[in-house]
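Shown next: work-v6.cif, containing mmCIF, C-alpha atoms.
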data_start
loop_
_atom_site.label_atom_id
_atom_site.label_comp_id
_atom_site.auth_asym_id
_atom_site.auth_seq_id
_atom_site.Cartn_x
_atom_site.Cartn_y
_atom_site.Cartn_z
CA GLU A 1066 4.60 6.71 -33.41
CA ALA A 1067 6.24 4.41 -30.89
CA GLN A 1068 5.08 0.88 -31.50
CA VAL A 1069 5.73 -2.83 -31.54
CA THR A 1070 4.64 -4.45 -34.78
CA GLN A 1071 3.92 -8.13 -35.17
CA ASN A 1072 3.19 -9.97 -38.39
CA PRO A 1073 1.08 -11.73 -39.32
CA ARG A 1074 -1.94 -10.96 -37.11
CA TYR A 1075 -3.61 -14.24 -37.99
CA LEU A 1076 -2.09 -17.47 -39.26
CA ILE A 1077 -3.47 -20.93 -39.92
CA THR A 1078 -0.90 -23.57 -40.75
CA VAL A 1079 -0.45 -27.32 -40.83
CA THR A 1080 1.53 -29.50 -38.47
CA GLY A 1081 5.23 -29.57 -39.27
CA LYS A 1082 5.37 -26.61 -41.64
CA LYS A 1083 8.02 -24.18 -40.44
CA LEU A 1084 6.84 -20.65 -39.75
CA THR A 1085 8.19 -17.35 -38.50
CA VAL A 1086 6.33 -14.61 -36.67
CA THR A 1087 8.09 -11.29 -36.96
CA CYS A 1088 8.35 -8.59 -34.30
CA SER A 1089 9.82 -5.16 -34.76
CA GLN A 1090 10.04 -2.15 -32.44
CA ASN A 1091 10.99 1.43 -33.22
CA MET A 1092 11.86 2.63 -29.71
CA ASN A 1093 15.49 1.44 -29.57
CA HIS A 1094 14.64 -0.87 -26.67
CA GLU A 1095 17.21 -3.36 -25.47
CA TYR A 1096 14.77 -5.84 -23.95
CA MET A 1097 12.39 -7.88 -26.11
CA SER A 1098 10.27 -10.87 -25.22
CA TRP A 1099 7.73 -13.34 -26.58
CA TYR A 1100 4.68 -14.55 -24.65
CA ARG A 1101 1.88 -16.92 -25.39
CA GLN A 1102 -1.58 -16.40 -23.97
CA ASP A 1103 -3.87 -19.34 -23.31
CA PRO A 1104 -7.23 -19.35 -21.49
CA GLY A 1105 -6.79 -19.93 -17.78
CA LEU A 1106 -3.00 -19.79 -18.03
CA GLY A 1107 -2.45 -16.10 -18.58
CA LEU A 1108 0.73 -14.91 -20.26
CA ARG A 1109 3.67 -17.28 -20.24
CA GLN A 1110 7.08 -16.18 -21.37
CA ILE A 1111 8.65 -18.16 -24.20
CA TYR A 1112 11.99 -16.41 -24.78
CA TYR A 1113 13.49 -13.05 -24.00
CA SER A 1114 16.48 -11.01 -25.11
CA MET A 1115 18.46 -8.41 -23.20
CA ASN A 1116 20.26 -7.12 -26.29
CA VAL A 1117 21.60 -8.06 -29.70
CA GLU A 1118 22.87 -11.65 -29.80
CA VAL A 1119 21.72 -12.21 -26.18
CA THR A 1120 18.71 -14.50 -25.78
CA ASP A 1121 17.46 -16.71 -22.96
CA LYS A 1122 14.70 -19.19 -22.28
CA GLY A 1123 11.54 -18.20 -20.52
CA ASP A 1124 9.04 -20.54 -18.91
CA VAL A 1125 7.84 -22.43 -22.00
CA PRO A 1126 10.62 -22.45 -24.63
CA GLU A 1127 10.12 -25.98 -26.00
CA GLY A 1128 9.32 -26.04 -29.70
CA TYR A 1129 10.36 -22.42 -30.29
CA LYS A 1130 13.47 -20.60 -31.44
CA VAL A 1131 14.36 -16.92 -31.54
CA SER A 1132 17.14 -14.76 -32.87
CA ARG A 1133 18.27 -11.21 -32.17
CA LYS A 1134 20.58 -10.13 -34.97
CA GLU A 1135 19.39 -6.53 -34.92
CA LYS A 1136 18.18 -4.46 -32.01
CA ARG A 1137 14.79 -3.71 -33.51
CA ASN A 1138 13.81 -7.24 -34.58
CA PHE A 1139 13.07 -10.36 -32.58
CA PRO A 1140 11.46 -13.09 -34.72
CA LEU A 1141 9.82 -16.17 -33.24
CA ILE A 1142 10.46 -19.37 -35.17
CA LEU A 1143 8.46 -22.57 -34.98
CA GLU A 1144 10.55 -25.18 -36.79
CA SER A 1145 7.89 -27.90 -36.68
CA PRO A 1146 4.62 -26.52 -35.34
CA SER A 1147 2.23 -28.81 -33.50
CA PRO A 1148 -1.42 -28.32 -32.53
CA ASN A 1149 -0.48 -27.61 -28.90
CA GLN A 1150 1.21 -24.45 -30.14
CA THR A 1151 -2.15 -23.06 -31.20
CA SER A 1152 -2.30 -19.88 -29.16
CA LEU A 1153 -2.28 -16.10 -29.09
CA TYR A 1154 1.28 -14.76 -29.20
CA PHE A 1155 2.51 -11.37 -28.03
CA CYS A 1156 5.80 -9.64 -28.53
CA ALA A 1157 6.90 -7.00 -26.03
CA SER A 1158 9.79 -4.56 -25.70
CA SER A 1159 11.12 -2.20 -23.05
CA PRO A 1160 14.27 -0.38 -22.02
CA LEU A 1161 16.59 -2.53 -19.95
CA ARG A 1162 15.84 -0.68 -16.71
CA GLN A 1163 13.65 -2.81 -14.43
CA ASN A 1164 11.42 0.10 -13.46
CA THR A 1165 10.09 0.67 -16.98
CA GLU A 1166 6.92 -0.72 -18.44
CA ALA A 1167 6.86 -2.96 -21.49
CA PHE A 1168 5.14 -2.12 -24.78
CA PHE A 1169 3.16 -4.86 -26.49
CA GLY A 1170 2.35 -5.72 -30.06
CA GLN A 1171 -1.21 -6.38 -31.17
CA GLY A 1172 -0.81 -10.13 -31.06
CA THR A 1173 -0.65 -13.02 -33.52
CA ARG A 1174 -3.36 -15.65 -33.39
CA LEU A 1175 -1.83 -18.91 -34.57
CA THR A 1176 -3.80 -22.04 -35.36
CA VAL A 1177 -1.96 -25.28 -36.13
CA VAL A 1178 -4.12 -28.01 -37.66
CA ALA B 1291 12.37 -16.50 -9.79
CA GLN B 1292 9.61 -13.96 -9.59
CA SER B 1293 5.94 -14.95 -9.75
CA VAL B 1294 2.50 -13.39 -9.57
CA ALA B 1295 -0.81 -14.75 -8.27
CA GLN B 1296 -4.19 -13.40 -9.22
CA PRO B 1297 -6.52 -15.56 -7.15
CA GLU B 1298 -9.85 -14.77 -8.79
CA ASP B 1299 -10.64 -15.80 -12.35
CA GLN B 1300 -13.49 -13.34 -12.72
CA VAL B 1301 -14.66 -10.28 -10.85
CA ASN B 1302 -18.25 -9.12 -11.27
CA VAL B 1303 -19.22 -5.65 -10.12
CA ALA B 1304 -22.20 -3.40 -10.65
CA GLU B 1305 -21.65 -0.16 -12.52
CA GLY B 1306 -20.88 2.64 -10.09
CA ASN B 1307 -19.60 0.31 -7.37
CA PRO B 1308 -15.96 0.10 -6.28
CA LEU B 1309 -13.79 -2.33 -8.22
CA THR B 1310 -10.89 -4.30 -6.73
CA VAL B 1311 -8.68 -6.77 -8.57
CA LYS B 1312 -6.27 -8.67 -6.34
CA CYS B 1313 -2.62 -9.45 -6.96
CA THR B 1314 0.11 -10.94 -4.79
CA TYR B 1315 3.70 -11.41 -5.84
CA SER B 1316 6.92 -13.18 -4.97
CA VAL B 1317 10.39 -11.84 -5.74
CA SER B 1318 13.86 -12.35 -4.40
CA GLY B 1319 14.85 -8.68 -4.56
CA ASN B 1320 12.97 -5.40 -4.61
CA PRO B 1321 9.78 -5.55 -6.70
CA TYR B 1322 8.72 -3.41 -9.61
CA LEU B 1323 4.99 -3.96 -10.11
CA PHE B 1324 2.76 -3.27 -13.09
CA TRP B 1325 -0.88 -3.51 -14.10
CA TYR B 1326 -1.98 -3.99 -17.70
CA VAL B 1327 -5.41 -4.15 -19.29
CA GLN B 1328 -6.44 -6.12 -22.37
CA TYR B 1329 -9.59 -5.31 -24.30
CA PRO B 1330 -11.03 -7.92 -26.71
CA ASN B 1331 -8.84 -8.53 -29.76
CA ARG B 1332 -6.26 -6.03 -28.57
CA GLY B 1333 -2.77 -6.11 -27.13
CA LEU B 1334 -1.92 -5.26 -23.54
CA GLN B 1335 -2.06 -1.63 -22.46
CA PHE B 1336 -0.08 -0.29 -19.53
CA LEU B 1337 -2.20 1.13 -16.67
CA LEU B 1338 0.17 1.96 -13.83
CA LYS B 1339 3.29 0.89 -11.98
CA TYR B 1340 4.89 0.91 -8.54
CA ILE B 1341 8.60 1.59 -8.41
CA THR B 1342 9.27 3.16 -5.03
CA GLY B 1343 7.89 5.83 -2.72
CA ASP B 1344 4.20 6.38 -2.07
CA ASN B 1345 2.35 3.09 -1.67
CA LEU B 1346 -0.73 4.40 -3.48
CA VAL B 1347 -0.12 4.73 -7.19
CA LYS B 1348 -2.48 6.49 -9.59
CA GLY B 1349 -2.75 5.53 -13.23
CA SER B 1350 -4.81 5.81 -16.38
CA TYR B 1351 -8.64 5.84 -16.63
CA GLY B 1352 -9.13 6.53 -12.90
CA PHE B 1353 -7.39 3.38 -11.73
CA GLU B 1354 -5.10 3.23 -8.73
CA ALA B 1355 -3.21 0.49 -6.95
CA GLU B 1356 -1.96 0.02 -3.42
CA PHE B 1357 1.40 -1.56 -2.71
CA ASN B 1358 1.65 -3.47 0.56
CA LYS B 1359 5.12 -4.82 1.23
CA SER B 1360 4.24 -6.87 4.31
CA GLN B 1361 1.43 -8.66 2.48
CA THR B 1362 3.35 -8.74 -0.83
CA SER B 1363 0.26 -7.41 -2.56
CA PHE B 1364 -0.49 -4.86 -5.27
CA HIS B 1365 -4.28 -4.67 -5.62
CA LEU B 1366 -5.84 -2.64 -8.42
CA LYS B 1367 -8.76 -0.39 -7.50
CA LYS B 1368 -11.24 1.97 -9.03
CA PRO B 1369 -13.72 3.89 -6.87
CA SER B 1370 -16.60 3.74 -9.37
CA ALA B 1371 -16.59 1.11 -12.13
CA LEU B 1372 -17.83 1.78 -15.66
CA VAL B 1373 -19.24 -0.73 -18.14
CA SER B 1374 -16.31 0.18 -20.38
CA ASP B 1375 -13.92 -1.14 -17.70
CA SER B 1376 -14.98 -4.68 -18.61
CA ALA B 1377 -11.74 -6.30 -19.77
CA LEU B 1378 -8.96 -8.68 -18.80
CA TYR B 1379 -6.52 -7.30 -16.23
CA PHE B 1380 -2.99 -8.58 -15.71
CA CYS B 1381 -0.61 -7.96 -12.85
CA ALA B 1382 3.12 -8.26 -13.56
CA VAL B 1383 6.38 -8.06 -11.61
CA ARG B 1384 10.07 -7.55 -12.20
CA ASP B 1385 12.71 -7.63 -9.51
CA ASP B 1386 15.96 -5.76 -9.33
CA GLY B 1387 17.93 -8.98 -9.75
CA ASN B 1388 16.98 -9.53 -13.36
CA ASN B 1389 14.86 -8.05 -16.10
CA ARG B 1390 12.31 -10.79 -16.64
CA LEU B 1391 8.70 -9.60 -16.57
CA ALA B 1392 6.43 -12.25 -15.08
CA PHE B 1393 2.63 -12.09 -15.41
CA GLY B 1394 -0.26 -13.48 -13.44
CA LYS B 1395 -3.06 -15.49 -15.04
CA GLY B 1396 -5.26 -12.45 -15.45
CA ASN B 1397 -8.65 -11.46 -14.08
CA GLN B 1398 -11.71 -11.03 -16.23
CA VAL B 1399 -13.64 -8.01 -14.96
CA VAL B 1400 -17.31 -7.80 -15.84
CA VAL B 1401 -19.09 -4.56 -15.00
CA ILE B 1402 -22.84 -5.05 -14.96
CA PRO B 1403 -25.00 -2.10 -16.07
#
Let me see the file written as structure tokens.
Amino acid sequence: EAQVTQNPRYLITVTGKKLTVTCSQNMNHEYMSWYRQDPGLGLRQIYYSMNVEVTDKGDVPEGYKVSRKEKRNFPLILESPSPNQTSLYFCASSPLRQNTEAFFGQGTRLTVV
Amino acid sequence: AQSVAQPEDQVNVAEGNPLTVKCTYSVSGNPYLFWYVQYPNRGLQFLLKYITGDNLVKGSYGFEAEFNKSQTSFHLKKPSALVSDSALYFCAVRDDGNNRLAFGKGNQVVVIP
């Protein structure tokens, strides 16, 4: 089954404790992206990647890092999480062609206390 | 850079009545437009897209959308709303200059029995 898998689904952590949210897709997609969803703000792009070893900042990259060492994986790293990073996070993937829709993971609800 | 506006936070409609969710966009090149739906505690699901050709696009669950280039709009419509259509709806755009997928803030649709 074609899917985007995020882990964990839920995470509560403390300020400053490094964490990684994993994202994996099995569709051989070149394009992958991370979004955060906050009430009233919709989906805002954090980082995206056009292919292996190619990453770029989205609209709200501060406080986040990503890597794309393999085509299928695109982890999101919070080196020193803060409470304002409490949010619902989504990973998405698609082929590189602009006319194709993106596939989304189920989301990761992160709480930083 | 591309952007999307969804001017209404919430749309209330009685069951059986027509449903319209508004979306306007801004791109520098040719637009590729998408609608997604999000049910509670779920990821985003693709509904339909406009790439080129006929301005009226039909998608899943009886939804359709009308592309209007002069008004830079891509409104989502359904002739007869169901209670099960109650969800959060997102409009998104890519342009042919880059691959970034930009989302609007989302519209909460409430269908009243």
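Using only C-alpha atoms, the part of chain A that sits within 6 Å of chain B is made up of Leu1106, Gly1107, Leu1108, Gln1163, Asn1164, Phe1169, Gly1170, Gln1171 and Gly1172 of chain A.
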Take the PyMOL selection byres ((chain B and resi 1309) around 9), run it mentally on this structure, and tell me the resulting residues as a list of chain:residue names.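 Checking the PyMOL selection byres ((chain B and resi 1309) around 9) against this file, the residues are B:Val1301, B:Asn1302, B:Val1303, B:Ala1304, B:Gly1306, B:Asn1307, B:Pro1308, B:Thr1310, B:Val1311, B:Leu1366, B:Lys1367, B:Lys1368, B:Pro1369, B:Ser1370, B:Ala1371, B:Val1399, B:Val1401.
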Q.
Please enumerate the residues selected by the PyMOL selection byres ((chain A and resi 1083) around 8) when evaluated against the supplied file, formatted as an MDAnalysis selection string.
A. chainID A and resid 1081:1082 1084:1085 1142:1146
Original post:
Got a sec to resolve the PyMOL selection byres ((chain A and resi 1116) around 8) on this structure and send the residues as JSON, numbers by chain?
Top reply: {"A": [1095, 1096, 1097, 1114, 1115, 1117, 1118, 1119, 1120, 1133, 1136]}
How would the residues just picked look written out with C-alpha atoms as a PDB file, in the frame of the given file?
ATOM      1  CA  GLU A1095      17.210  -3.360 -25.470  1.00  0.00           C
ATOM      2  CA  TYR A1096      14.770  -5.840 -23.950  1.00  0.00           C
ATOM      3  CA  MET A1097      12.390  -7.880 -26.110  1.00  0.00           C
ATOM      4  CA  SER A1114      16.480 -11.010 -25.110  1.00  0.00           C
ATOM      5  CA  MET A1115      18.460  -8.410 -23.200  1.00  0.00           C
ATOM      6  CA  VAL A1117      21.600  -8.060 -29.700  1.00  0.00           C
ATOM      7  CA  GLU A1118      22.870 -11.650 -29.800  1.00  0.00           C
ATOM      8  CA  VAL A1119      21.720 -12.210 -26.180  1.00  0.00           C
ATOM      9  CA  THR A1120      18.710 -14.500 -25.780  1.00  0.00           C
ATOM     10  CA  ARG A1133      18.270 -11.210 -32.170  1.00  0.00           C
ATOM     11  CA  LYS A1136      18.180  -4.460 -32.010  1.00  0.00           C
TER      12      LYS A1136
END
If I take atom CA of A:Pro1073 and atom CA of A:Thr1173, how far is one from the other in Å, to one decimal?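 Separation between atom CA of A:Pro1073 and atom CA of A:Thr1173: 6.2 Å.
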